[in-house]
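target-v8.cif (mmCIF, C-alpha atoms and all ligand atoms) appears below.
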```cif
data_protein
#
loop_
_atom_site.label_atom_id
_atom_site.label_comp_id
_atom_site.auth_asym_id
_atom_site.auth_seq_id
_atom_site.Cartn_x
_atom_site.Cartn_y
_atom_site.Cartn_z
CA MET H 12 -171.82 53.94 -0.21
CA ILE H 13 -170.27 50.66 -1.34
CA SER H 14 -170.12 49.20 -4.85
CA VAL H 15 -172.12 46.23 -6.11
CA SER H 16 -169.02 44.02 -6.11
CA GLU H 17 -168.18 45.02 -2.50
CA ALA H 18 -171.77 44.31 -1.46
CA ARG H 19 -171.71 40.88 -3.14
CA GLU H 20 -168.41 40.08 -1.47
CA LEU H 21 -169.65 41.13 1.98
CA VAL H 22 -172.74 38.95 1.65
CA GLN H 23 -170.58 35.95 0.74
CA GLN H 24 -168.14 36.66 3.58
CA HIS H 25 -170.79 36.83 6.28
CA ILE H 26 -173.09 33.97 5.43
CA LYS H 27 -172.34 30.57 6.95
CA LEU H 28 -173.59 27.19 5.84
CA LEU H 29 -176.66 25.96 7.69
CA THR H 30 -176.02 22.98 9.98
CA PRO H 31 -176.69 19.70 8.13
CA ARG H 32 -179.98 18.08 9.03
CA LEU H 33 -181.50 14.65 8.48
CA SER H 34 -184.24 15.17 5.95
CA ALA H 35 -186.97 13.00 4.46
CA LEU H 36 -186.37 12.54 0.72
CA GLN H 37 -189.54 14.45 -0.10
CA GLU H 38 -188.16 17.51 1.69
CA ALA H 39 -184.65 17.23 0.29
CA ALA H 40 -185.27 18.25 -3.34
CA ALA H 41 -182.73 20.87 -4.46
CA CYS H 42 -180.55 20.37 -1.37
CA ILE H 43 -176.92 19.29 -1.37
CA LEU H 44 -175.94 16.02 0.31
CA ALA H 45 -173.92 16.64 3.46
CA ALA H 46 -172.69 13.05 3.81
CA ASP H 47 -171.93 10.11 1.53
CA VAL H 48 -174.84 7.74 0.96
CA VAL H 49 -173.99 4.05 0.88
CA ALA H 50 -176.34 1.52 -0.70
CA PRO H 51 -178.17 -0.40 2.04
CA TYR H 52 -179.05 -3.30 -0.29
CA ASP H 53 -177.98 -4.92 -3.53
CA ILE H 54 -180.10 -3.35 -6.25
CA PRO H 55 -181.80 -5.15 -7.90
CA MET H 56 -182.25 -7.16 -4.72
CA TRP H 57 -182.91 -10.29 -6.78
CA ALA H 58 -182.41 -11.13 -10.45
CA GLN H 59 -185.28 -9.65 -12.45
CA SER H 60 -186.68 -10.19 -15.89
CA ALA H 61 -186.05 -7.17 -18.15
CA VAL H 62 -188.87 -8.12 -20.54
CA ASP H 63 -192.26 -9.78 -20.82
CA GLY H 64 -191.52 -13.34 -21.98
CA TYR H 65 -190.51 -16.76 -20.81
CA ALA H 66 -187.74 -17.68 -18.36
CA PHE H 67 -185.84 -20.94 -18.04
CA ALA H 68 -182.41 -22.35 -17.25
CA PHE H 69 -180.38 -21.81 -20.44
CA GLU H 70 -179.14 -25.37 -20.29
CA SER H 71 -182.77 -26.54 -20.78
CA LEU H 72 -182.45 -25.45 -24.44
CA HIS H 73 -179.55 -27.90 -24.90
CA ASN H 74 -181.31 -30.24 -27.33
CA GLN H 75 -184.80 -28.81 -27.58
CA SER H 76 -186.40 -25.45 -28.32
CA GLU H 77 -189.86 -26.20 -26.93
CA LEU H 78 -190.45 -26.15 -23.17
CA PRO H 79 -193.58 -26.82 -21.10
CA ILE H 80 -194.77 -23.77 -19.13
CA SER H 81 -194.80 -24.71 -15.46
CA GLN H 82 -195.80 -21.48 -13.69
CA VAL H 83 -196.50 -17.75 -14.06
CA VAL H 84 -194.51 -15.03 -12.24
CA ALA H 85 -195.65 -11.41 -12.33
CA ALA H 86 -193.84 -8.32 -11.00
CA GLY H 87 -194.26 -8.35 -7.23
CA ASP H 88 -194.57 -12.14 -6.93
CA GLY H 89 -192.15 -13.74 -4.53
CA ALA H 90 -191.12 -16.45 -7.03
CA THR H 91 -189.24 -18.76 -4.71
CA GLU H 92 -190.40 -22.00 -6.30
CA ILE H 93 -187.99 -24.10 -8.34
CA VAL H 94 -189.07 -24.19 -11.99
CA GLY H 95 -187.31 -27.37 -12.80
CA SER H 96 -184.89 -28.19 -15.58
CA GLY H 97 -186.50 -28.52 -19.00
CA THR H 98 -189.48 -26.27 -18.20
CA ALA H 99 -190.20 -22.58 -18.65
CA VAL H 100 -192.00 -19.97 -16.61
CA ARG H 101 -194.23 -17.24 -18.02
CA ILE H 102 -192.67 -14.04 -16.69
CA PHE H 103 -193.19 -10.27 -16.89
CA THR H 104 -190.96 -7.20 -16.83
CA GLY H 105 -189.57 -6.55 -13.36
CA ALA H 106 -190.61 -9.92 -11.95
CA ALA H 107 -188.11 -11.76 -9.73
CA LEU H 108 -186.58 -14.75 -11.46
CA PRO H 109 -187.20 -18.10 -9.78
CA PRO H 110 -183.94 -19.41 -8.27
CA ASP H 111 -183.03 -22.01 -10.89
CA VAL H 112 -183.71 -19.80 -13.90
CA ASP H 113 -181.09 -17.65 -15.61
CA THR H 114 -182.36 -16.62 -19.06
CA VAL H 115 -185.44 -14.90 -20.48
CA VAL H 116 -186.66 -14.84 -24.07
CA MET H 117 -188.89 -11.95 -25.22
CA GLN H 118 -192.39 -13.12 -25.98
CA GLU H 119 -192.11 -11.69 -29.53
CA GLN H 120 -189.42 -14.33 -30.15
CA THR H 121 -191.66 -17.24 -29.15
CA THR H 122 -194.75 -19.15 -30.20
CA THR H 123 -196.96 -20.89 -27.72
CA SER H 124 -199.44 -23.68 -27.99
CA ALA H 125 -200.92 -26.32 -25.73
CA GLY H 126 -199.10 -25.09 -22.62
CA LYS H 127 -195.71 -25.08 -24.31
CA VAL H 128 -193.43 -22.31 -25.49
CA GLN H 129 -191.31 -22.58 -28.60
CA VAL H 130 -188.15 -20.44 -28.38
CA ASN H 131 -187.40 -18.88 -31.79
CA ASP H 132 -184.45 -16.69 -30.83
CA SER H 133 -181.37 -18.42 -32.23
CA SER H 134 -179.04 -15.73 -30.91
CA LEU H 135 -180.25 -16.05 -27.30
CA SER H 136 -177.32 -16.29 -24.88
CA PRO H 137 -177.20 -17.41 -21.23
CA GLY H 138 -178.35 -14.60 -18.93
CA ALA H 139 -180.16 -12.77 -21.73
CA ASN H 140 -182.84 -10.27 -20.70
CA VAL H 141 -181.99 -10.60 -17.02
CA ARG H 142 -181.09 -7.77 -14.64
CA PRO H 143 -178.55 -9.40 -12.34
CA ILE H 144 -178.56 -8.93 -8.55
CA GLY H 145 -176.58 -5.82 -7.59
CA SER H 146 -176.12 -4.75 -11.22
CA GLU H 147 -177.28 -1.20 -10.41
CA ILE H 148 -175.27 -1.07 -7.20
CA GLY H 149 -173.93 -3.53 -4.65
CA LYS H 150 -174.77 -3.36 -0.94
CA GLY H 151 -172.27 -1.11 0.87
CA ALA H 152 -171.08 0.66 -2.29
CA LEU H 153 -170.99 4.47 -2.46
CA ALA H 154 -174.25 5.52 -4.06
CA LEU H 155 -173.77 9.31 -4.02
CA PRO H 156 -170.91 11.28 -2.48
CA ALA H 157 -171.36 14.23 -0.11
CA GLY H 158 -171.73 17.39 -2.16
CA THR H 159 -174.08 15.87 -4.75
CA PRO H 160 -177.03 18.12 -5.64
CA LEU H 161 -180.30 16.31 -5.04
CA THR H 162 -181.77 16.65 -8.50
CA PRO H 163 -185.02 14.86 -9.34
CA ALA H 164 -182.94 11.98 -10.74
CA ALA H 165 -180.73 11.79 -7.64
CA LEU H 166 -183.81 11.69 -5.38
CA GLY H 167 -185.38 8.95 -7.46
CA TYR H 168 -182.12 7.01 -7.40
CA LEU H 169 -181.94 7.16 -3.59
CA ALA H 170 -185.58 6.09 -3.34
CA MET H 171 -184.80 3.13 -5.65
CA LEU H 172 -182.05 2.10 -3.28
CA GLY H 173 -184.49 2.03 -0.36
CA VAL H 174 -183.12 5.19 1.25
CA ALA H 175 -185.79 7.34 2.91
CA GLU H 176 -183.75 9.98 4.77
CA VAL H 177 -180.54 11.81 3.95
CA LEU H 178 -178.24 14.27 5.69
CA VAL H 179 -178.41 17.53 3.73
CA TYR H 180 -177.59 21.18 4.01
CA PRO H 181 -181.18 22.26 4.63
CA LYS H 182 -183.22 24.90 2.92
CA PRO H 183 -183.55 27.99 5.07
CA LEU H 184 -186.75 28.75 6.90
CA VAL H 185 -187.46 32.27 5.67
CA ALA H 186 -189.34 35.03 7.46
CA LEU H 187 -190.69 37.60 5.01
CA LEU H 188 -191.77 40.90 6.56
CA VAL H 189 -193.73 43.10 4.20
CA THR H 190 -193.95 46.62 5.60
CA GLY H 191 -196.23 49.51 4.67
CA LYS H 192 -199.62 50.69 5.85
CA GLU H 193 -200.53 51.61 2.26
CA LEU H 194 -200.76 47.97 1.22
CA GLN H 195 -204.03 46.26 0.40
CA ALA H 196 -204.47 42.71 -0.82
CA PRO H 197 -205.10 42.15 -4.54
CA GLY H 198 -208.73 41.25 -5.06
CA THR H 199 -209.98 43.73 -2.45
CA GLU H 200 -211.94 46.89 -3.31
CA PRO H 201 -209.50 49.79 -4.07
CA VAL H 202 -209.12 52.26 -1.20
CA ARG H 203 -207.85 55.75 -2.03
CA GLY H 204 -204.17 56.12 -1.09
CA LYS H 205 -203.50 52.41 -0.99
CA VAL H 206 -201.66 50.14 -3.44
CA PHE H 207 -202.06 46.47 -4.14
CA GLU H 208 -199.47 44.44 -2.27
CA ALA H 209 -197.09 42.77 -4.73
CA ASN H 210 -193.78 42.11 -3.02
CA SER H 211 -194.85 39.02 -1.11
CA PHE H 212 -196.00 37.48 -4.41
CA THR H 213 -192.70 38.06 -6.19
CA ILE H 214 -190.55 36.91 -3.28
CA ILE H 215 -192.55 33.84 -2.33
CA ALA H 216 -192.67 32.74 -5.99
CA ALA H 217 -188.95 33.37 -6.45
CA LEU H 218 -188.18 31.39 -3.28
CA GLU H 219 -190.38 28.56 -4.47
CA GLN H 220 -188.49 28.45 -7.76
CA MET H 221 -185.38 27.72 -5.70
CA GLY H 222 -187.16 24.98 -3.78
CA VAL H 223 -187.54 27.13 -0.64
CA LYS H 224 -191.12 26.65 0.48
CA ASP H 225 -190.91 27.26 4.21
CA VAL H 226 -191.80 30.95 4.30
CA HIS H 227 -193.49 32.74 7.17
CA LEU H 228 -195.13 35.89 5.86
CA PHE H 229 -195.78 38.82 8.18
CA LYS H 230 -197.57 42.04 7.20
CA VAL H 231 -196.09 44.78 9.36
CA ASP H 232 -197.54 48.19 10.22
CA ASP H 233 -195.44 51.32 9.80
CA SER H 234 -194.43 51.71 13.44
CA LEU H 235 -191.18 51.07 15.25
CA GLU H 236 -192.94 48.96 17.89
CA ALA H 237 -194.66 46.70 15.35
CA THR H 238 -191.56 46.37 13.15
CA THR H 239 -189.33 45.59 16.14
CA ALA H 240 -191.76 43.08 17.63
CA VAL H 241 -192.24 41.18 14.38
CA MET H 242 -188.53 41.28 13.51
CA SER H 243 -187.59 39.94 16.92
CA GLN H 244 -190.09 37.09 16.56
CA ALA H 245 -188.84 36.37 13.03
CA LEU H 246 -185.24 36.25 14.23
CA GLN H 247 -186.12 33.62 16.83
CA ASN H 248 -187.55 31.16 14.35
CA ALA H 249 -186.17 31.83 10.89
CA ASP H 250 -182.78 31.13 9.31
CA LEU H 251 -183.07 34.14 7.02
CA VAL H 252 -185.08 37.35 7.46
CA LEU H 253 -186.23 39.37 4.46
CA LEU H 254 -187.99 42.71 4.77
CA THR H 255 -189.52 44.74 1.98
CA GLY H 256 -189.99 48.51 2.22
CA GLY H 257 -189.33 50.92 5.05
CA ILE H 258 -185.56 51.01 4.56
CA SER H 259 -185.23 54.48 3.02
CA VAL H 260 -185.13 57.87 4.73
CA GLY H 261 -188.87 58.58 5.07
CA ASP H 262 -190.48 59.43 8.42
CA TYR H 263 -192.30 56.10 8.33
CA ASP H 264 -189.27 53.97 7.42
CA TYR H 265 -188.73 51.92 10.58
CA VAL H 266 -186.70 48.98 9.35
CA LEU H 267 -183.30 50.46 10.18
CA PRO H 268 -184.17 51.47 13.78
CA ALA H 269 -185.88 48.11 14.27
CA THR H 270 -182.70 46.26 13.25
CA VAL H 271 -180.82 48.31 15.84
CA ALA H 272 -183.44 47.55 18.50
CA CYS H 273 -183.19 43.83 17.66
CA GLY H 274 -179.39 43.80 17.90
CA VAL H 275 -178.84 43.12 14.20
CA ARG H 276 -175.29 44.05 13.25
CA GLN H 277 -175.30 46.21 10.12
CA VAL H 278 -172.91 45.02 7.41
CA PHE H 279 -173.96 47.60 4.84
CA HIS H 280 -176.74 50.00 4.03
CA LYS H 281 -176.90 51.57 0.57
CA VAL H 282 -175.21 50.26 -2.51
CA LYS H 283 -174.15 52.18 -5.61
CA GLN H 284 -176.85 50.63 -7.78
CA LYS H 285 -180.13 51.33 -9.46
CA PRO H 286 -182.63 50.06 -8.59
CA GLY H 287 -182.21 49.15 -4.96
CA LYS H 288 -179.85 51.84 -3.70
CA PRO H 289 -181.12 51.74 -0.09
CA LEU H 290 -180.46 47.97 0.23
CA TYR H 291 -179.65 46.91 3.80
CA PHE H 292 -177.76 43.79 4.90
CA GLY H 293 -177.01 42.79 8.47
CA MET H 294 -176.37 39.73 10.61
CA ALA H 295 -178.15 38.71 13.81
CA GLY H 296 -175.68 36.12 15.05
CA ASP H 297 -175.53 33.67 12.14
CA LYS H 298 -178.84 34.87 10.67
CA PRO H 299 -178.73 37.12 7.64
CA VAL H 300 -181.20 40.02 7.49
CA PHE H 301 -181.93 41.77 4.18
CA GLY H 302 -183.88 45.03 4.02
CA LEU H 303 -185.04 45.11 0.40
CA PRO H 304 -185.97 48.61 -0.82
CA GLY H 305 -189.76 48.56 -1.17
CA ASN H 306 -190.33 49.54 -4.79
CA PRO H 307 -191.48 46.29 -6.40
CA ALA H 308 -188.76 46.16 -9.08
CA SER H 309 -186.06 47.05 -6.52
CA VAL H 310 -187.21 44.24 -4.26
CA LEU H 311 -186.97 41.62 -6.98
CA SER H 312 -183.76 42.99 -8.48
CA CYS H 313 -182.06 42.92 -5.06
CA PHE H 314 -183.49 39.48 -4.40
CA TYR H 315 -181.90 38.09 -7.57
CA GLN H 316 -178.60 39.90 -7.05
CA TYR H 317 -178.03 39.33 -3.33
CA VAL H 318 -180.57 37.01 -1.73
CA VAL H 319 -180.24 34.23 -4.30
CA PRO H 320 -176.45 33.95 -3.79
CA ALA H 321 -176.97 34.23 -0.02
CA ILE H 322 -179.37 31.28 -0.06
CA GLY H 323 -176.87 29.47 -2.27
CA LYS H 324 -174.23 29.96 0.42
CA LEU H 325 -176.58 28.86 3.24
CA MET H 326 -177.39 25.67 1.33
CA GLN H 327 -173.93 25.02 -0.19
CA ARG H 328 -175.43 25.51 -3.66
CA SER H 329 -173.09 27.35 -5.98
CA ASN H 330 -174.87 27.32 -9.32
CA LEU H 331 -178.05 29.22 -8.51
CA SER H 332 -177.25 32.32 -10.57
CA ARG H 333 -176.62 31.93 -14.29
CA LYS H 334 -174.78 34.71 -16.06
CA VAL H 335 -174.19 35.17 -19.79
CA GLN H 336 -172.09 37.67 -21.69
CA LEU H 337 -173.57 38.79 -25.02
CA PRO H 338 -173.66 41.91 -27.21
CA LEU H 339 -176.29 44.59 -26.65
CA SER H 340 -178.85 44.82 -29.45
CA ALA H 341 -179.34 48.55 -28.82
CA PRO H 342 -177.28 51.34 -27.22
CA VAL H 343 -177.59 52.11 -23.51
CA GLN H 344 -176.90 55.46 -21.90
CA LYS H 345 -176.70 56.38 -18.21
CA LYS H 346 -174.83 58.63 -15.78
CA PRO H 347 -171.67 57.04 -14.37
CA GLY H 348 -171.67 56.40 -10.60
CA LEU H 349 -174.23 53.61 -10.11
CA THR H 350 -174.39 50.07 -11.48
CA HIS H 351 -177.69 49.69 -13.31
CA PHE H 352 -179.64 46.47 -13.46
CA LEU H 353 -181.91 46.67 -16.47
CA LYS H 354 -184.81 44.38 -17.11
CA GLY H 355 -183.97 42.76 -20.43
CA ARG H 356 -184.36 39.86 -22.76
CA VAL H 357 -181.71 37.45 -23.92
CA GLU H 358 -182.78 36.31 -27.36
CA ASN H 359 -181.02 35.10 -30.51
CA GLY H 360 -177.59 35.68 -29.05
CA THR H 361 -178.13 39.31 -28.04
CA ILE H 362 -179.34 41.23 -24.99
CA THR H 363 -182.13 43.75 -25.37
CA PRO H 364 -182.91 46.12 -22.49
CA LEU H 365 -186.66 46.72 -22.21
CA GLN H 366 -188.67 49.92 -21.73
CA ALA H 367 -190.25 50.82 -18.36
CA GLN H 368 -187.19 50.53 -16.13
CA GLU H 369 -188.59 52.64 -13.27
CA SER H 370 -188.50 50.77 -9.99
CA TYR H 371 -192.17 51.34 -9.13
CA ARG H 372 -193.09 49.35 -12.24
CA LEU H 373 -193.09 45.62 -12.88
CA SER H 374 -194.44 45.50 -16.44
CA SER H 375 -191.00 45.10 -18.03
CA PHE H 376 -189.83 42.70 -15.31
CA ALA H 377 -192.89 40.55 -16.01
CA LEU H 378 -191.70 40.07 -19.61
CA ALA H 379 -187.97 40.00 -18.96
CA ASN H 380 -185.78 36.93 -18.74
CA CYS H 381 -182.66 38.60 -17.38
CA LEU H 382 -181.19 41.55 -15.51
CA VAL H 383 -178.55 43.29 -17.59
CA GLU H 384 -175.68 44.63 -15.51
CA ILE H 385 -174.43 48.00 -16.76
CA PRO H 386 -171.21 48.73 -14.86
CA GLU H 387 -170.92 51.62 -12.38
CA GLU H 388 -168.46 53.64 -14.45
CA ALA H 389 -170.21 53.10 -17.82
CA ALA H 390 -171.91 56.09 -19.50
CA VAL H 391 -172.58 55.08 -23.11
CA LEU H 392 -172.56 51.53 -24.39
CA GLU H 393 -172.98 51.18 -28.15
CA ALA H 394 -175.04 48.45 -29.76
CA GLY H 395 -172.82 45.40 -30.05
CA SER H 396 -170.95 46.12 -26.78
CA PRO H 397 -170.61 42.96 -24.69
CA VAL H 398 -172.57 43.10 -21.43
CA GLU H 399 -173.33 40.62 -18.69
CA ALA H 400 -176.86 39.50 -17.93
CA TRP H 401 -178.19 37.42 -15.06
CA LEU H 402 -180.79 34.97 -16.25
CA PHE H 403 -183.86 34.09 -14.25
N1 LIG H 501 -185.63 61.20 -0.15
C1 LIG H 501 -185.39 60.00 -0.65
N2 LIG H 501 -186.42 59.26 -0.99
C2 LIG H 501 -186.21 58.04 -1.51
C3 LIG H 501 -184.91 57.57 -1.70
C4 LIG H 501 -183.84 58.35 -1.28
O1 LIG H 501 -182.66 57.99 -1.42
N3 LIG H 501 -184.13 59.57 -0.75
N4 LIG H 501 -184.71 56.35 -2.26
C5 LIG H 501 -185.77 55.88 -3.12
C6 LIG H 501 -185.52 54.53 -3.51
S1 LIG H 501 -184.26 54.28 -4.61
C7 LIG H 501 -186.30 53.52 -3.11
S2 LIG H 501 -186.08 51.94 -3.77
C8 LIG H 501 -187.35 53.68 -2.13
C9 LIG H 501 -187.17 52.63 -1.05
O2 LIG H 501 -187.96 52.95 -0.02
P1 LIG H 501 -188.40 51.99 1.13
O3 LIG H 501 -187.59 50.77 1.14
O4 LIG H 501 -188.45 52.76 2.34
O5 LIG H 501 -189.81 51.53 0.63
P2 LIG H 501 -191.23 52.17 0.91
O6 LIG H 501 -191.09 53.65 1.03
O7 LIG H 501 -191.89 51.45 1.98
O8 LIG H 501 -191.93 51.83 -0.47
C10 LIG H 501 -191.42 52.30 -1.69
C11 LIG H 501 -192.50 52.17 -2.77
O9 LIG H 501 -192.83 50.81 -2.95
C12 LIG H 501 -194.20 50.57 -2.69
N5 LIG H 501 -194.31 49.29 -1.98
C13 LIG H 501 -193.73 49.00 -0.80
N6 LIG H 501 -194.04 47.75 -0.43
C14 LIG H 501 -194.82 47.26 -1.40
C15 LIG H 501 -195.47 46.02 -1.58
N7 LIG H 501 -195.34 45.02 -0.68
N8 LIG H 501 -196.19 45.83 -2.69
C16 LIG H 501 -196.33 46.84 -3.61
N9 LIG H 501 -195.74 48.04 -3.48
C17 LIG H 501 -195.00 48.24 -2.39
C18 LIG H 501 -194.62 51.70 -1.80
O10 LIG H 501 -195.98 51.90 -1.83
C19 LIG H 501 -193.80 52.83 -2.37
O11 LIG H 501 -194.40 53.33 -3.54
O12 LIG H 501 -187.31 54.96 -1.56
C20 LIG H 501 -187.13 56.02 -2.52
N10 LIG H 501 -187.28 57.26 -1.85
O1 LIG H 502 -184.05 51.48 -6.08
MO1 LIG H 502 -184.98 52.64 -5.94
O2 LIG H 502 -185.08 51.21 -6.15
O3 LIG H 502 -184.02 53.19 -7.35
O4 LIG H 502 -186.43 53.05 -6.67
#
```

Show me, as structure tokens, the structure contained in the file I just sent.
Ligand SMILES: Nc1nc2c(c(=O)[nH]1)N[C@H]1C(S)=C(S)[C@@H](COP(=O)(O)OP(=O)(O)OC[C@H]3O[C@@H](n4cnc5c(N)ncnc54)[C@H](O)[C@@H]3O)O[C@H]1N2
Ligand code: MOO
Amino acid sequence: MISVSEARELVQQHIKLLTPRLSALQEAAACILAADVVAPYDIPMWAQSAVDGYAFAFESLHNQSELPISQVVAAGDGATEIVGSGTAVRIFTGAALPPDVDTVVMQEQTTTSAGKVQVNDSSLSPGANVRPIGSEIGKGALALPAGTPLTPAALGYLAMLGVAEVLVYPKPLVALLVTGKELQAPGTEPVRGKVFEANSFTIIAALEQMGVKDVHLFKVDDSLEATTAVMSQALQNADLVLLTGGISVGDYDYVLPATVACGVRQVFHKVKQKPGKPLYFGMAGDKPVFGLPGNPASVLSCFYQYVVPAIGKLMQRSNLSRKVQLPLSAPVQKKPGLTHFLKGRVENGTITPLQAQESYRLSSFALANCLVEIPEEAAVLEAGSPVEAWLF
């Protein structure tokens, strides 16, 4: 059995970046740019008013402060007409300045009467309240370099520049195979012997939190034929295959033989950790396959510890897992030999492990905000001992 650090290392070693793909902006949220983006236009494309007010050529104020209002320009108007020296135009925020106009006064700094505007701003300077052409970015300039994470702001920025598609490291298409004939859907009438299916809910929600929405969910019967058939189909279409359950040593655990039948090359099976000891990881060509041990808390714990960094590697995203080191608020005791991941809470500068750590339970996970990593060799950690916790 390998250690947690060896397992993490092996996952990182085996997973390759997905091939960059041209993606519509709407699909590219949370991706990393795979190529520089150059501005296709000057932005703003034409000088714009930054305020609601009156625009004129500054020289018109030379020996007068009152100007006749010759036209009105709203945001969206083409505004190609010449205003004429010595006159003003009523203008609104974002409107394109007519060609012979260079200055705008805020309407609060004016008085109007009988079709004329009186400019009361003695400190007004030429070009005031104007957004010049190309002042955000000039045509042909580097807007965002390759490697930039497409945050909401970055996506909005690209949209502002008129860019509709970008080359990104794509999000993986995930196949999620939930195994077990004991599973019944929540909301259905309880059947003796069955349990409500939970793993697809945790995994799909956790994937969505990372921006991964393309998930094909398969419910798989406990048979080698069914598991093999669905796995082989999943491997054809998906970039990443996740299975829950069926990876232990029970007579109905068919995930391992199905990986063999599908030609998946095993990288490891079983990690010195609790929960999630029977974790499986293999590669089918370039496609990672994770067999997540079926107990609901084991599934999610392994997802956070191994699948999140794996998706990070596929997508070139490095900052998906956030780790803190803080003192324990209470002592922890365990047998040495396995790394423990405890559901816990980071609060007020300390880490508190919660009750209900058994892997068939999710009640503590539901209230936790971190997994506390208690090292393999540790036996007793006193209150105040520094420990690492993975936030989620
Ligand atoms: N003799 C041994 N038995 C077990 C061992 C072992 O080493 N020797 N390891 C235990 C550990 S640790 C885990 S974790 C589980 C993992 O088993 P599987 O991956 O084969 O998972 P299943 O047996 O299919 O299910 C385990 C448990 O989880 C429930 N489950 C499964 N899928 C779902 C789901 N989608 N939603 C809700 N609950 C689910 C299932 O009903 C079982 O109770 O093996 C231990 N046994
Ligand atoms: O991981 Mo098992 O996950 O210890 O129940």

Could you give me the residues within 7 Å of ligand LIG 502 (chain H), counting all atoms listed in the file, as a short mmCIF file (atom, residue, chain, number, x, y, z; two decimals) with C-alpha atoms, keeping the file's coordinate frame?
```cif
data_model
loop_
_atom_site.label_atom_id
_atom_site.label_comp_id
_atom_site.auth_asym_id
_atom_site.auth_seq_id
_atom_site.Cartn_x
_atom_site.Cartn_y
_atom_site.Cartn_z
CA LYS H 285 -180.13 51.33 -9.46
CA PRO H 286 -182.63 50.06 -8.59
CA GLY H 287 -182.21 49.15 -4.96
CA LYS H 288 -179.85 51.84 -3.70
CA PRO H 289 -181.12 51.74 -0.09
CA PRO H 304 -185.97 48.61 -0.82
CA ASN H 306 -190.33 49.54 -4.79
CA ALA H 308 -188.76 46.16 -9.08
CA SER H 309 -186.06 47.05 -6.52
CA GLU H 369 -188.59 52.64 -13.27
CA SER H 370 -188.50 50.77 -9.99
CA TYR H 371 -192.17 51.34 -9.13
#
```

Env. residues ligand LIG 501 (chain H) / 9 Å / only C-alpha atoms and all ligand atoms / as a ChimeraX atom specification: /H:189-195,205-212,230,233,254-261,263-266,281,284-290,302-310,370-371

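Shortest separation to Lys182 (chain H) among H:Pro137, H:Gly323, H:Pro109, H:Gly360 occurs at residue H:Gly323, atoms counted being all atoms listed in the file.
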
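Closest to Thr162 (chain H) among H:Gln336, H:Met221, H:Glu176, H:His73 is H:Met221, based on all atoms listed in the file.
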
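Atom to atom, CA of Met171 (chain H) and CA of Ala90 (chain H) stand 20.6 Å apart.
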
Select, from H:Glu20, H:Val100, H:Ser124, H:Val319, the residue with the minimum atom-to-atom distance to Glu219 (chain H), counting all atoms listed in the file.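 Ranking H:Glu20, H:Val100, H:Ser124, H:Val319 by distance to Glu219 (chain H), first place goes to H:Val319.
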
So that all listed atoms of region 322-332 of chain H fit with 4 Å spare on each side, what axis-aligned box centre and edge lengths in Å, to one decimal, would you give as JSON?
```
{"center_x": -176.2, "center_y": 28.7, "center_z": -3.7, "size_x": 14.3, "size_y": 15.3, "size_z": 21.8}
```

Give me the residues within 9 Å of region 50-59 of chain H as a VMD selection string, counting all atoms listed in the file and dropping any in the same chain fewer than 6 places off. chain H and resid 86 104 to 110 113 140 to 155 169 171 to 174

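Atom to atom, CA of Ser133 (chain H) and CA of Gly95 (chain H) stand 22.2 Å apart.
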